[in-house]
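The structure under discussion appears below in the form of C-alpha coordinates.
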Amino acid sequence: MGIGPEAEWAVRTGAAAETAALGRRLGMAARAGDALLLSGVVGAGKTVLAGGILTGLGVPGPHPSPTFTIVRTYHGRLHAAHLDLYRLDGGLDAEEIGLEDILAGEGVAVVEWAERLGALTPPDALYVRLERVTAGDERQILLAPSGPGAMDLVERARRVRAGGWR
(Lines give C-alpha, C1' and ligand atoms only; values in the text may rest on other atoms or scores of the structure.)
Protein backbone atom coordinates (compact mmCIF):
# COMPACT_ATOMS: atom_id res chain seq x y z
CA MET A 1 0.00 0.00 0.00
CA GLY A 2 1.87 3.37 -0.16
CA ILE A 3 5.25 4.17 -1.67
CA GLY A 4 7.00 4.80 1.60
CA PRO A 5 6.17 5.64 5.19
CA GLU A 6 7.37 9.23 4.76
CA ALA A 7 4.55 9.82 2.25
CA GLU A 8 1.81 8.50 4.56
CA TRP A 9 -0.41 10.76 6.63
CA ALA A 10 -2.08 9.46 9.81
CA VAL A 11 -5.04 11.44 11.13
CA ARG A 12 -7.22 10.91 14.18
CA THR A 13 -10.72 12.36 14.15
CA GLY A 14 -12.95 12.62 17.19
CA ALA A 15 -16.38 13.04 15.61
CA ALA A 16 -18.16 12.38 12.33
CA ALA A 17 -17.98 16.12 11.55
CA GLU A 18 -14.18 15.97 11.80
CA THR A 19 -14.05 12.94 9.49
CA ALA A 20 -16.21 14.86 6.99
CA ALA A 21 -13.94 17.92 7.34
CA LEU A 22 -10.90 15.80 6.46
CA GLY A 23 -12.86 14.61 3.43
CA ARG A 24 -13.58 18.24 2.46
CA ARG A 25 -9.84 18.95 2.55
CA LEU A 26 -9.21 16.00 0.24
CA GLY A 27 -12.00 17.09 -2.10
CA MET A 28 -10.74 20.67 -2.20
CA ALA A 29 -7.25 19.39 -3.06
CA ALA A 30 -8.38 16.79 -5.63
CA ARG A 31 -7.59 17.10 -9.31
CA ALA A 32 -8.95 15.35 -12.38
CA GLY A 33 -7.76 11.74 -12.49
CA ASP A 34 -7.38 11.30 -8.71
CA ALA A 35 -8.60 8.02 -7.22
CA LEU A 36 -9.33 7.77 -3.49
CA LEU A 37 -9.68 4.16 -2.38
CA LEU A 38 -11.47 3.81 0.96
CA SER A 39 -11.38 0.70 3.12
CA GLY A 40 -12.52 -0.26 6.59
CA VAL A 41 -15.14 -2.35 8.33
CA VAL A 42 -18.85 -1.54 8.25
CA GLY A 43 -19.33 1.62 10.33
CA ALA A 44 -15.72 2.79 10.01
CA GLY A 45 -16.75 6.12 8.44
CA LYS A 46 -16.16 5.51 4.72
CA THR A 47 -19.44 7.09 3.64
CA VAL A 48 -18.92 10.09 5.95
CA LEU A 49 -15.45 10.66 4.50
CA ALA A 50 -16.74 10.17 0.94
CA GLY A 51 -19.49 12.73 1.55
CA GLY A 52 -16.88 15.20 2.79
CA ILE A 53 -14.78 14.61 -0.34
CA LEU A 54 -17.81 15.28 -2.54
CA THR A 55 -18.59 18.45 -0.57
CA GLY A 56 -14.99 19.59 -1.09
CA LEU A 57 -15.48 19.00 -4.81
CA GLY A 58 -18.44 21.40 -4.72
CA VAL A 59 -21.17 18.76 -4.93
CA PRO A 60 -24.21 19.75 -2.86
CA GLY A 61 -25.43 17.05 -0.46
CA PRO A 62 -26.76 14.76 0.65
CA HIS A 63 -24.31 12.10 -0.52
CA PRO A 64 -25.81 8.70 0.31
CA SER A 65 -23.68 5.61 -0.18
CA PRO A 66 -24.43 3.94 -3.51
CA THR A 67 -24.60 0.50 -1.89
CA PHE A 68 -27.43 -0.69 -4.13
CA THR A 69 -26.76 1.40 -7.24
CA ILE A 70 -22.97 0.73 -7.05
CA VAL A 71 -22.12 4.07 -8.74
CA ARG A 72 -23.41 7.62 -8.37
CA THR A 73 -22.00 10.36 -10.53
CA TYR A 74 -21.90 14.04 -9.65
CA HIS A 75 -20.86 17.31 -11.24
CA GLY A 76 -19.16 19.86 -9.01
CA ARG A 77 -15.84 21.60 -9.53
CA LEU A 78 -14.87 18.34 -11.23
CA HIS A 79 -16.83 15.32 -12.40
CA ALA A 80 -16.95 12.78 -9.55
CA ALA A 81 -17.91 9.14 -9.29
CA HIS A 82 -18.78 7.69 -5.87
CA LEU A 83 -18.65 3.91 -5.89
CA ASP A 84 -19.58 1.38 -3.24
CA LEU A 85 -18.25 -2.08 -4.12
CA TYR A 86 -19.67 -3.88 -1.08
CA ARG A 87 -21.97 -5.99 -3.27
CA LEU A 88 -19.30 -7.00 -5.80
CA ASP A 89 -18.61 -10.37 -4.19
CA GLY A 90 -22.29 -11.07 -4.58
CA GLY A 91 -21.80 -11.95 -8.24
CA LEU A 92 -21.65 -8.51 -9.81
CA ASP A 93 -18.88 -8.13 -12.37
CA ALA A 94 -16.69 -5.01 -12.10
CA GLU A 95 -16.04 -4.96 -15.82
CA GLU A 96 -19.74 -5.25 -16.69
CA ILE A 97 -20.58 -2.11 -14.71
CA GLY A 98 -17.79 -0.09 -16.35
CA LEU A 99 -15.42 0.36 -13.41
CA GLU A 100 -12.36 0.38 -15.62
CA ASP A 101 -13.72 3.34 -17.61
CA ILE A 102 -14.72 5.20 -14.46
CA LEU A 103 -11.29 4.73 -12.87
CA ALA A 104 -9.49 5.83 -16.05
CA GLY A 105 -11.73 8.88 -16.49
CA GLU A 106 -10.97 12.56 -16.18
CA GLY A 107 -12.89 13.03 -12.96
CA VAL A 108 -12.31 12.00 -9.37
CA ALA A 109 -13.17 8.46 -8.25
CA VAL A 110 -14.11 7.85 -4.60
CA VAL A 111 -14.35 4.11 -4.00
CA GLU A 112 -15.75 2.49 -0.85
CA TRP A 113 -14.73 -1.14 -0.26
CA ALA A 114 -11.83 -0.52 -2.67
CA GLU A 115 -10.16 -3.81 -1.74
CA ARG A 116 -12.73 -5.43 -4.04
CA LEU A 117 -11.29 -3.74 -7.14
CA GLY A 118 -8.75 -6.53 -7.63
CA ALA A 119 -6.94 -6.19 -10.95
CA LEU A 120 -8.76 -2.90 -11.66
CA THR A 121 -6.96 -1.12 -8.80
CA PRO A 122 -5.28 1.96 -10.29
CA PRO A 123 -1.48 2.04 -9.88
CA ASP A 124 -1.50 5.68 -8.70
CA ALA A 125 -4.15 6.10 -6.02
CA LEU A 126 -4.62 7.33 -2.49
CA TYR A 127 -5.40 4.43 -0.17
CA VAL A 128 -7.45 5.57 2.82
CA ARG A 129 -7.85 3.08 5.68
CA LEU A 130 -10.42 4.00 8.35
CA GLU A 131 -10.51 2.28 11.72
CA ARG A 132 -12.71 2.85 14.75
CA VAL A 133 -10.59 3.64 17.79
CA THR A 134 -13.38 3.60 20.37
CA ALA A 135 -17.03 2.65 20.53
CA GLY A 136 -17.82 6.32 19.75
CA ASP A 137 -16.95 8.39 16.71
CA GLU A 138 -13.17 8.44 17.15
CA ARG A 139 -11.36 7.21 14.03
CA GLN A 140 -7.78 6.54 13.02
CA ILE A 141 -7.37 7.32 9.33
CA LEU A 142 -4.26 6.38 7.38
CA LEU A 143 -3.74 7.99 3.99
CA ALA A 144 -1.13 6.15 1.92
CA PRO A 145 -0.31 7.27 -1.64
CA SER A 146 0.79 4.64 -4.16
CA GLY A 147 2.18 6.97 -6.82
CA PRO A 148 3.27 10.53 -7.60
CA GLY A 149 -0.24 11.87 -8.32
CA ALA A 150 -1.53 10.56 -4.99
CA MET A 151 1.54 11.97 -3.21
CA ASP A 152 0.71 15.38 -4.69
CA LEU A 153 -2.89 15.02 -3.52
CA VAL A 154 -1.73 14.36 0.07
CA GLU A 155 0.62 17.34 -0.02
CA ARG A 156 -2.09 19.65 -1.36
CA ALA A 157 -4.61 18.37 1.22
CA ARG A 158 -2.16 19.01 4.06
CA ARG A 159 -2.03 22.67 3.01
CA VAL A 160 -5.82 23.15 2.64
CA ARG A 161 -7.56 24.87 5.51
CA ALA A 162 -11.07 23.52 6.02
CA GLY A 163 -12.96 24.30 9.20
CA GLY A 164 -14.12 21.67 11.66
CA TRP A 165 -10.99 19.57 11.78
CA ARG A 166 -7.93 20.09 13.93
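Chain lettering (A, B, ...) mirrors the order of the C-alpha coordinates, residue numbering begins at 1 for each chain separately, and ligand numbering begins at 1 in order of display.
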
Open item on the list: What parts of chain A does DSSP call strand (DSSP E)? I'd like the answer as a ChimeraX atom specification.
Closed with: /A:9-13,35-39,71-75,79-84,108-112,126-132,139-145

Task: Spatial neighbours of Gly105 in chain A, 12 Å, only C-alpha atoms, chain gap at least 4 places, as a list in words - done: Arg31, Ala32, Gly33, Asp34, Ala35, Thr73, Leu78, His79, Ala80, Ala81, Gly98, Leu99, Glu100, Asp101, Ala109 and Pro122 of chain A

- [ ] Give me, please, the distance in Å between CA of Leu49 in chain A and CA of Asp152 in chain A, quoted to one decimal.
- [x] 19.2 Å

TODO: For Leu38 in chain A, please output as a VMD selection string all residues within 8 Å (counting only C-alpha atoms; exclusion window: fewer than 2 positions along the same chain).
DONE: chain A and resid 36 40 46 110 to 114 127 to 130

TODO: Just the alpha helix (DSSP H) stuff from range 1-159 of chain A, please, per backbone DSSP, written as an MDAnalysis selection string.
DONE: chainID A and resid 16:29 46:56 99:103 148:159
